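Note sheet for the following structure.
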Amino acid sequence: MPIQTSLTKLLGVRYPIVQGGMQWVGVPQLAASVSEAGGLGILTALTQPSPDALREAIRETRKLTSKPFGVNITLLPTINPPDYEGYARAAIEEGVKIYETAGNNPGPLIKYFKSQGCIVIHKCTTVRHAKSAERLGVDVLSIDGFECAGHPGEDDIGGLVLMARAAKELKIPFIASGGIADGRGLAAAMALGAVGVNMGTRFMCTVESPIHENIKRKIVESTERDTVHIFRSFRNTARVFKNKVAVEVVNIEHKPGAKFEDVKDLVSGLRGKKVYETGDPDYGIWSAGITIGLINDVPTCKDLLVRMEKEAEEIIGQVSSTVVKAKL
Ligand SMILES: Cc1cc2nc3c(=O)[nH]c(=O)nc-3n(C[C@H](O)[C@H](O)[C@H](O)COP(=O)(O)O)c2cc1C
């Protein structure tokens with residue numbers, strides 16, 4: 001029996017599983033494979049160098065799948081912001097109907113997408129941000145717990161409490177994000193009131209993910225103790241793989257009076273991109289969540305989704321039979 005929720009109905013997908021936006025990883029090959037496998041694949045707009053390049057990426061994705069996919073736009077705290085409006089307009093003009101928004105001050109973007117009749121999934125890390133996005137009219141919230149890769153926010157609330165709070169406080173559906181890599185996580189998320197899950201790190205380590213095989217192997221070999229938070233002292237925390245560069249960044253940050261300029265070169269996005277291209281895990285900073293402790297293989301997207309649903313169904317069945325027995 002397929003697991004059907006309000007998310008699968010809204011998005012027109014087979015599995016209630018979304019692949020979150022991932023800088024340098026969320027390219028047509030991966031997004032199309034996730035969608036083709038029955039999840040929701042998401043292209044990461046800012047991975048493309050310009051709005052026109054995003055247009056091309058959308059066209060390429062369409063050649064690979066006729067199923068629904070989305071576009072992520074991440075609003076970064078930066079001095080020279082990218083042309084967000086241009087990326088958004090390009091995606092709308094190319095006919096994309098589903099968006100994942102994330103980051104600071106998403107109001108104007110959300111209003112624009114809603115005015116164009118699109119579905120908006122807004123990703124955030126606190127219930128108060130979720131509630132303001134709800135007021136702005138988003139369709140689904142993606143609640144990213146402390147376990148997540150990338151930016152977990154500054155409140156440090158783990159998924160168990162965050163999802164339970166979301167279930168109590170929100171009027172619209174939400175999906176659970178951060179720390180989910182298998183059917184057990186999917187079942188747990190649904191028990192907490194989520195209508196599906198969002199995953200990043202797990203999809204990074206699939207056959208179709210565009211990153212170098214060495215990095216996939218590194219993820220498989222690593223444990224949940226192999227990530228670290230950088231940028232804590234700048235109140236822009238990011239969970240990344242604990243490599244030589246990340247440890248150096250944390251050491252510099254701990255020095256009194258440390259400024260972003262002191263680590264700027266070490267954390268450059270282009271160095272991170274090289275990690276995925278060359279397969280050298282120590283070349284730069286790269287995002288990874290603590291699910292690396294749960295990831296032991298490199299499946300195809302299809303095998304992953306089929307397996308997750310089967311595992312989740314078995315676990316839900318086991319739990320409900322325990323409840324029946326307890327009643328006897
Ligand atoms: C390599 C990588 C890059 C990411 N880049 C982005 C990004 O550009 N924008 C964004 O909203 N989230 C980004 N994320 C976060 C994911 O979309 C997702 O929220 C997160 O990975 C969920 O946690 P998980 O890794 O435990 O599944 C990234 C995650 C990874 C692993």
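To be explicit about the labels: the chains of the structure tokens are called A, B, and onward in the order shown, and within each one the residues are counted from 1, while ligands get numbers from 1 in the order they are shown.
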
Could you build a table of the residues in chain A lying no more than 8 Å from ligand 1, giving for each the nearest pair of atoms and their separation in Å rounded to one decimal place, using only C-alpha atoms and all ligand atoms, ordered by chain and ascending residue number, as JSON lines?
{"residue": "A:Gln19", "atom": "CA", "partner": "ligand 1", "partner_atom_place_in_ligand_line": "17 (O)", "distance": 6.9}
{"residue": "A:Gly20", "atom": "CA", "partner": "ligand 1", "partner_atom_place_in_ligand_line": "17 (O)", "distance": 3.5}
{"residue": "A:Gly21", "atom": "CA", "partner": "ligand 1", "partner_atom_place_in_ligand_line": "17 (O)", "distance": 4.2}
{"residue": "A:Met22", "atom": "CA", "partner": "ligand 1", "partner_atom_place_in_ligand_line": "5 (N)", "distance": 3.3}
{"residue": "A:Gln23", "atom": "CA", "partner": "ligand 1", "partner_atom_place_in_ligand_line": "8 (O)", "distance": 4.0}
{"residue": "A:Trp24", "atom": "CA", "partner": "ligand 1", "partner_atom_place_in_ligand_line": "3 (C)", "distance": 7.0}
{"residue": "A:Val25", "atom": "CA", "partner": "ligand 1", "partner_atom_place_in_ligand_line": "1 (C)", "distance": 6.1}
{"residue": "A:Gly26", "atom": "CA", "partner": "ligand 1", "partner_atom_place_in_ligand_line": "3 (C)", "distance": 7.9}
{"residue": "A:Thr44", "atom": "CA", "partner": "ligand 1", "partner_atom_place_in_ligand_line": "8 (O)", "distance": 6.4}
{"residue": "A:Leu46", "atom": "CA", "partner": "ligand 1", "partner_atom_place_in_ligand_line": "8 (O)", "distance": 7.2}
{"residue": "A:Thr47", "atom": "CA", "partner": "ligand 1", "partner_atom_place_in_ligand_line": "8 (O)", "distance": 7.7}
{"residue": "A:Asn72", "atom": "CA", "partner": "ligand 1", "partner_atom_place_in_ligand_line": "11 (O)", "distance": 6.7}
{"residue": "A:Ile73", "atom": "CA", "partner": "ligand 1", "partner_atom_place_in_ligand_line": "9 (N)", "distance": 7.0}
{"residue": "A:Thr74", "atom": "CA", "partner": "ligand 1", "partner_atom_place_in_ligand_line": "9 (N)", "distance": 5.0}
{"residue": "A:Glu100", "atom": "CA", "partner": "ligand 1", "partner_atom_place_in_ligand_line": "11 (O)", "distance": 7.5}
{"residue": "A:Thr101", "atom": "CA", "partner": "ligand 1", "partner_atom_place_in_ligand_line": "11 (O)", "distance": 6.8}
{"residue": "A:Ala102", "atom": "CA", "partner": "ligand 1", "partner_atom_place_in_ligand_line": "11 (O)", "distance": 4.8}
{"residue": "A:Gly103", "atom": "CA", "partner": "ligand 1", "partner_atom_place_in_ligand_line": "11 (O)", "distance": 6.9}
{"residue": "A:Lys123", "atom": "CA", "partner": "ligand 1", "partner_atom_place_in_ligand_line": "11 (O)", "distance": 6.9}
{"residue": "A:Asp144", "atom": "CA", "partner": "ligand 1", "partner_atom_place_in_ligand_line": "19 (O)", "distance": 6.0}
{"residue": "A:Gly145", "atom": "CA", "partner": "ligand 1", "partner_atom_place_in_ligand_line": "23 (O)", "distance": 7.7}
{"residue": "A:Glu147", "atom": "CA", "partner": "ligand 1", "partner_atom_place_in_ligand_line": "26 (O)", "distance": 5.8}
{"residue": "A:Cys148", "atom": "CA", "partner": "ligand 1", "partner_atom_place_in_ligand_line": "23 (O)", "distance": 3.5}
{"residue": "A:Ala149", "atom": "CA", "partner": "ligand 1", "partner_atom_place_in_ligand_line": "25 (O)", "distance": 4.1}
{"residue": "A:Gly150", "atom": "CA", "partner": "ligand 1", "partner_atom_place_in_ligand_line": "15 (C)", "distance": 5.0}
{"residue": "A:His151", "atom": "CA", "partner": "ligand 1", "partner_atom_place_in_ligand_line": "15 (C)", "distance": 7.1}
{"residue": "A:Ser177", "atom": "CA", "partner": "ligand 1", "partner_atom_place_in_ligand_line": "22 (C)", "distance": 5.0}
{"residue": "A:Gly178", "atom": "CA", "partner": "ligand 1", "partner_atom_place_in_ligand_line": "23 (O)", "distance": 3.4}
{"residue": "A:Gly179", "atom": "CA", "partner": "ligand 1", "partner_atom_place_in_ligand_line": "26 (O)", "distance": 3.8}
{"residue": "A:Ile180", "atom": "CA", "partner": "ligand 1", "partner_atom_place_in_ligand_line": "27 (O)", "distance": 5.4}
{"residue": "A:Ala181", "atom": "CA", "partner": "ligand 1", "partner_atom_place_in_ligand_line": "27 (O)", "distance": 6.6}
{"residue": "A:Asn198", "atom": "CA", "partner": "ligand 1", "partner_atom_place_in_ligand_line": "22 (C)", "distance": 6.3}
{"residue": "A:Met199", "atom": "CA", "partner": "ligand 1", "partner_atom_place_in_ligand_line": "27 (O)", "distance": 3.5}
{"residue": "A:Gly200", "atom": "CA", "partner": "ligand 1", "partner_atom_place_in_ligand_line": "21 (O)", "distance": 3.3}
{"residue": "A:Thr201", "atom": "CA", "partner": "ligand 1", "partner_atom_place_in_ligand_line": "25 (O)", "distance": 3.7}
{"residue": "A:Arg202", "atom": "CA", "partner": "ligand 1", "partner_atom_place_in_ligand_line": "27 (O)", "distance": 6.0}
{"residue": "A:Phe203", "atom": "CA", "partner": "ligand 1", "partner_atom_place_in_ligand_line": "27 (O)", "distance": 7.9}
{"residue": "A:Met204", "atom": "CA", "partner": "ligand 1", "partner_atom_place_in_ligand_line": "31 (C)", "distance": 6.4}
{"residue": "A:Trp286", "atom": "CA", "partner": "ligand 1", "partner_atom_place_in_ligand_line": "1 (C)", "distance": 6.2}
{"residue": "A:Ser287", "atom": "CA", "partner": "ligand 1", "partner_atom_place_in_ligand_line": "1 (C)", "distance": 4.5}
{"residue": "A:Ala288", "atom": "CA", "partner": "ligand 1", "partner_atom_place_in_ligand_line": "31 (C)", "distance": 4.6}
{"residue": "A:Gly289", "atom": "CA", "partner": "ligand 1", "partner_atom_place_in_ligand_line": "25 (O)", "distance": 4.4}
{"residue": "A:Ile290", "atom": "CA", "partner": "ligand 1", "partner_atom_place_in_ligand_line": "26 (O)", "distance": 6.2}
{"residue": "A:Thr291", "atom": "CA", "partner": "ligand 1", "partner_atom_place_in_ligand_line": "26 (O)", "distance": 5.4}

Would you pick out the contacts of stretch 215-228 of chain A at 9 Å or less, using only C-alpha atoms, so that residues sharing its chain but fewer than 2 positions from it are not included, and give the list as a PDB file with N, CA and C atoms, in the first residue's frame?
ATOM      1  N   ALA A 149      21.931  19.173   7.896  1.00  0.00           N
ATOM      2  CA  ALA A 149      23.104  19.725   7.211  1.00  0.00           C
ATOM      3  C   ALA A 149      22.797  21.181   6.884  1.00  0.00           C
ATOM      4  N   THR A 201      21.394  15.251   2.991  1.00  0.00           N
ATOM      5  CA  THR A 201      22.590  14.407   3.018  1.00  0.00           C
ATOM      6  C   THR A 201      22.343  13.025   2.390  1.00  0.00           C
ATOM      7  N   MET A 204      22.503  13.161  -1.237  1.00  0.00           N
ATOM      8  CA  MET A 204      23.865  13.481  -1.693  1.00  0.00           C
ATOM      9  C   MET A 204      24.668  12.203  -1.947  1.00  0.00           C
ATOM     10  N   CYS A 205      24.273  11.150  -1.223  1.00  0.00           N
ATOM     11  CA  CYS A 205      25.012   9.889  -1.286  1.00  0.00           C
ATOM     12  C   CYS A 205      24.189   8.838  -2.038  1.00  0.00           C
ATOM     13  N   THR A 206      23.758   9.197  -3.247  1.00  0.00           N
ATOM     14  CA  THR A 206      23.043   8.249  -4.120  1.00  0.00           C
ATOM     15  C   THR A 206      23.842   8.107  -5.417  1.00  0.00           C
ATOM     16  N   SER A 209      23.710  11.257  -7.579  1.00  0.00           N
ATOM     17  CA  SER A 209      24.243  12.519  -7.050  1.00  0.00           C
ATOM     18  C   SER A 209      25.525  12.878  -7.813  1.00  0.00           C
ATOM     19  N   ILE A 211      28.257  14.342  -7.066  1.00  0.00           N
ATOM     20  CA  ILE A 211      29.537  14.552  -6.369  1.00  0.00           C
ATOM     21  C   ILE A 211      30.495  13.375  -6.597  1.00  0.00           C
ATOM     22  N   HIS A 212      31.776  13.648  -6.380  1.00  0.00           N
ATOM     23  CA  HIS A 212      32.844  12.653  -6.608  1.00  0.00           C
ATOM     24  C   HIS A 212      32.632  11.397  -5.732  1.00  0.00           C
ATOM     25  N   GLU A 213      32.980  10.234  -6.301  1.00  0.00           N
ATOM     26  CA  GLU A 213      32.798   8.962  -5.578  1.00  0.00           C
ATOM     27  C   GLU A 213      33.526   8.931  -4.237  1.00  0.00           C
ATOM     28  N   ILE A 230      30.230  25.375  12.202  1.00  0.00           N
ATOM     29  CA  ILE A 230      31.073  26.557  12.000  1.00  0.00           C
ATOM     30  C   ILE A 230      30.167  27.797  12.050  1.00  0.00           C
ATOM     31  N   ALA A 238      26.452  26.828  10.706  1.00  0.00           N
ATOM     32  CA  ALA A 238      26.291  25.866   9.613  1.00  0.00           C
ATOM     33  C   ALA A 238      26.900  24.531  10.035  1.00  0.00           C
ATOM     34  N   ARG A 239      26.145  23.446   9.815  1.00  0.00           N
ATOM     35  CA  ARG A 239      26.695  22.114  10.107  1.00  0.00           C
ATOM     36  C   ARG A 239      27.384  21.597   8.851  1.00  0.00           C
ATOM     37  N   VAL A 240      28.656  21.278   9.004  1.00  0.00           N
ATOM     38  CA  VAL A 240      29.466  20.841   7.864  1.00  0.00           C
ATOM     39  C   VAL A 240      30.259  19.590   8.242  1.00  0.00           C
ATOM     40  N   PHE A 241      30.847  18.955   7.244  1.00  0.00           N
ATOM     41  CA  PHE A 241      31.688  17.789   7.510  1.00  0.00           C
ATOM     42  C   PHE A 241      32.916  18.236   8.298  1.00  0.00           C
ATOM     43  N   LYS A 242      33.279  17.441   9.333  1.00  0.00           N
ATOM     44  CA  LYS A 242      34.373  17.827  10.213  1.00  0.00           C
ATOM     45  C   LYS A 242      35.713  17.418   9.582  1.00  0.00           C
ATOM     46  N   ASN A 243      36.200  18.271   8.706  1.00  0.00           N
ATOM     47  CA  ASN A 243      37.496  17.994   8.073  1.00  0.00           C
ATOM     48  C   ASN A 243      38.530  19.001   8.590  1.00  0.00           C
ATOM     49  N   ALA A 246      37.408  22.709   8.382  1.00  0.00           N
ATOM     50  CA  ALA A 246      36.346  23.072   9.331  1.00  0.00           C
ATOM     51  C   ALA A 246      36.925  23.244  10.736  1.00  0.00           C
ATOM     52  N   VAL A 247      37.832  22.350  11.117  1.00  0.00           N
ATOM     53  CA  VAL A 247      38.438  22.441  12.453  1.00  0.00           C
ATOM     54  C   VAL A 247      39.273  23.726  12.559  1.00  0.00           C
ATOM     55  N   VAL A 250      36.905  26.670  13.067  1.00  0.00           N
ATOM     56  CA  VAL A 250      36.387  26.726  14.446  1.00  0.00           C
ATOM     57  C   VAL A 250      37.473  27.267  15.376  1.00  0.00           C
ATOM     58  N   VAL A 275      35.748  20.291  -3.674  1.00  0.00           N
ATOM     59  CA  VAL A 275      35.678  19.024  -2.931  1.00  0.00           C
ATOM     60  C   VAL A 275      34.883  18.013  -3.742  1.00  0.00           C
ATOM     61  N   TYR A 276      33.722  18.474  -4.245  1.00  0.00           N
ATOM     62  CA  TYR A 276      32.843  17.559  -4.987  1.00  0.00           C
ATOM     63  C   TYR A 276      33.432  17.187  -6.346  1.00  0.00           C
ATOM     64  N   GLY A 279      37.149  15.237  -5.322  1.00  0.00           N
ATOM     65  CA  GLY A 279      37.057  14.113  -4.391  1.00  0.00           C
ATOM     66  C   GLY A 279      38.009  14.235  -3.212  1.00  0.00           C
ATOM     67  N   ASP A 280      38.617  15.410  -3.039  1.00  0.00           N
ATOM     68  CA  ASP A 280      39.491  15.611  -1.876  1.00  0.00           C
ATOM     69  C   ASP A 280      38.649  16.168  -0.727  1.00  0.00           C
ATOM     70  N   PRO A 281      38.366  15.351   0.301  1.00  0.00           N
ATOM     71  CA  PRO A 281      37.424  15.795   1.343  1.00  0.00           C
ATOM     72  C   PRO A 281      37.961  16.935   2.211  1.00  0.00           C
ATOM     73  N   SER A 287      28.858  20.826   3.248  1.00  0.00           N
ATOM     74  CA  SER A 287      27.741  20.555   4.162  1.00  0.00           C
ATOM     75  C   SER A 287      27.498  19.059   4.313  1.00  0.00           C
ATOM     76  N   ALA A 288      27.185  18.654   5.533  1.00  0.00           N
ATOM     77  CA  ALA A 288      26.758  17.275   5.793  1.00  0.00           C
ATOM     78  C   ALA A 288      26.024  17.276   7.123  1.00  0.00           C
ATOM     79  N   GLY A 289      25.000  16.429   7.216  1.00  0.00           N
ATOM     80  CA  GLY A 289      24.241  16.339   8.468  1.00  0.00           C
ATOM     81  C   GLY A 289      24.646  15.108   9.250  1.00  0.00           C
ATOM     82  N   ILE A 290      24.112  14.974  10.474  1.00  0.00           N
ATOM     83  CA  ILE A 290      24.510  13.826  11.299  1.00  0.00           C
ATOM     84  C   ILE A 290      23.911  12.509  10.795  1.00  0.00           C
ATOM     85  N   THR A 291      23.079  12.577   9.762  1.00  0.00           N
ATOM     86  CA  THR A 291      22.607  11.319   9.146  1.00  0.00           C
ATOM     87  C   THR A 291      23.766  10.548   8.531  1.00  0.00           C
ATOM     88  N   ILE A 292      24.928  11.155   8.419  1.00  0.00           N
ATOM     89  CA  ILE A 292      26.060  10.377   7.882  1.00  0.00           C
ATOM     90  C   ILE A 292      26.307   9.137   8.754  1.00  0.00           C
ATOM     91  N   GLY A 293      25.848   9.184  10.004  1.00  0.00           N
ATOM     92  CA  GLY A 293      25.952   8.005  10.868  1.00  0.00           C
ATOM     93  C   GLY A 293      24.954   6.912  10.491  1.00  0.00           C
ATOM     94  N   LEU A 294      23.966   7.251   9.667  1.00  0.00           N
ATOM     95  CA  LEU A 294      22.935   6.272   9.269  1.00  0.00           C
ATOM     96  C   LEU A 294      23.126   5.794   7.829  1.00  0.00           C
ATOM     97  N   ILE A 295      24.048   6.446   7.120  1.00  0.00           N
ATOM     98  CA  ILE A 295      24.203   6.152   5.691  1.00  0.00           C
ATOM     99  C   ILE A 295      25.325   5.139   5.490  1.00  0.00           C
ATOM    100  N   ASN A 296      24.946   3.949   4.988  1.00  0.00           N
ATOM    101  CA  ASN A 296      25.935   2.872   4.836  1.00  0.00           C
ATOM    102  C   ASN A 296      26.089   2.384   3.413  1.00  0.00           C
ATOM    103  N   ASP A 297      25.414   3.042   2.477  1.00  0.00           N
ATOM    104  CA  ASP A 297      25.503   2.581   1.093  1.00  0.00           C
ATOM    105  C   ASP A 297      25.210   3.717   0.126  1.00  0.00           C
ATOM    106  N   VAL A 298      25.343   3.397  -1.179  1.00  0.00           N
ATOM    107  CA  VAL A 298      25.087   4.405  -2.230  1.00  0.00           C
ATOM    108  C   VAL A 298      24.027   3.827  -3.171  1.00  0.00           C
TER     109      VAL A 298
END

Rank A:Pro51, A:Cys124, A:Thr78, A:Asp156 by their smallest atom-to-atom distance to A:Ile175, using only C-alpha atoms, and report the top residue only.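 Result for the nearest residue to A:Ile175: A:Cys124.
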
For A:Ser6: contacts at 9 Å, only C-alpha atoms, fewer than 5 positions along chain excluded, given as an mmCIF file with N, CA and C atoms, in the first residue's frame:
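Ended up saving to selection_28.cif:
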data_model
loop_
_atom_site.group_PDB
_atom_site.id
_atom_site.type_symbol
_atom_site.label_atom_id
_atom_site.label_comp_id
_atom_site.auth_asym_id
_atom_site.auth_seq_id
_atom_site.Cartn_x
_atom_site.Cartn_y
_atom_site.Cartn_z
ATOM 1 N N LEU A 11 1.453 17.681 -4.316
ATOM 2 C CA LEU A 11 2.568 17.778 -5.270
ATOM 3 C C LEU A 11 2.400 16.837 -6.478
ATOM 4 N N PRO A 16 6.058 10.556 -0.165
ATOM 5 C CA PRO A 16 6.054 11.841 0.550
ATOM 6 C C PRO A 16 7.479 12.261 0.935
ATOM 7 N N PRO A 173 -0.005 21.950 6.632
ATOM 8 C CA PRO A 173 0.854 20.763 6.745
ATOM 9 C C PRO A 173 2.346 21.119 6.797
ATOM 10 N N VAL A 195 3.637 15.419 7.244
ATOM 11 C CA VAL A 195 2.992 14.765 6.090
ATOM 12 C C VAL A 195 4.039 14.233 5.113
ATOM 13 N N GLY A 196 5.290 14.260 5.520
ATOM 14 C CA GLY A 196 6.369 13.766 4.676
ATOM 15 C C GLY A 196 7.698 14.224 5.228
#

For A:Asp262, the nearest of the candidates A:Thr65, A:Ile58, A:Val249, A:Val13, counting only C-alpha atoms: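 Among A:Thr65, A:Ile58, A:Val249, A:Val13, it is A:Val249 that comes nearest to A:Asp262.
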
Taking into account only C-alpha atoms, which residue in the set A:Leu186, A:Leu7, A:Val34, A:Val263 is nearest to A:Leu141?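 Closest to A:Leu141 of all the choices is A:Leu7.
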
Residues of stretch 58-292 of chain A in helix (DSSP H, G or I) according to DSSP, as a ChimeraX atom specification? /A:58-64,84-93,107-115,127-136,159-169,183-191,201-204,213-221,232-234,244-253,260-262,269-278,290-292

Of A:Glu85, A:Ala90, A:Ala37, A:Val161, the one sitting nearest A:Arg55 when using only C-alpha atoms is A:Ala90
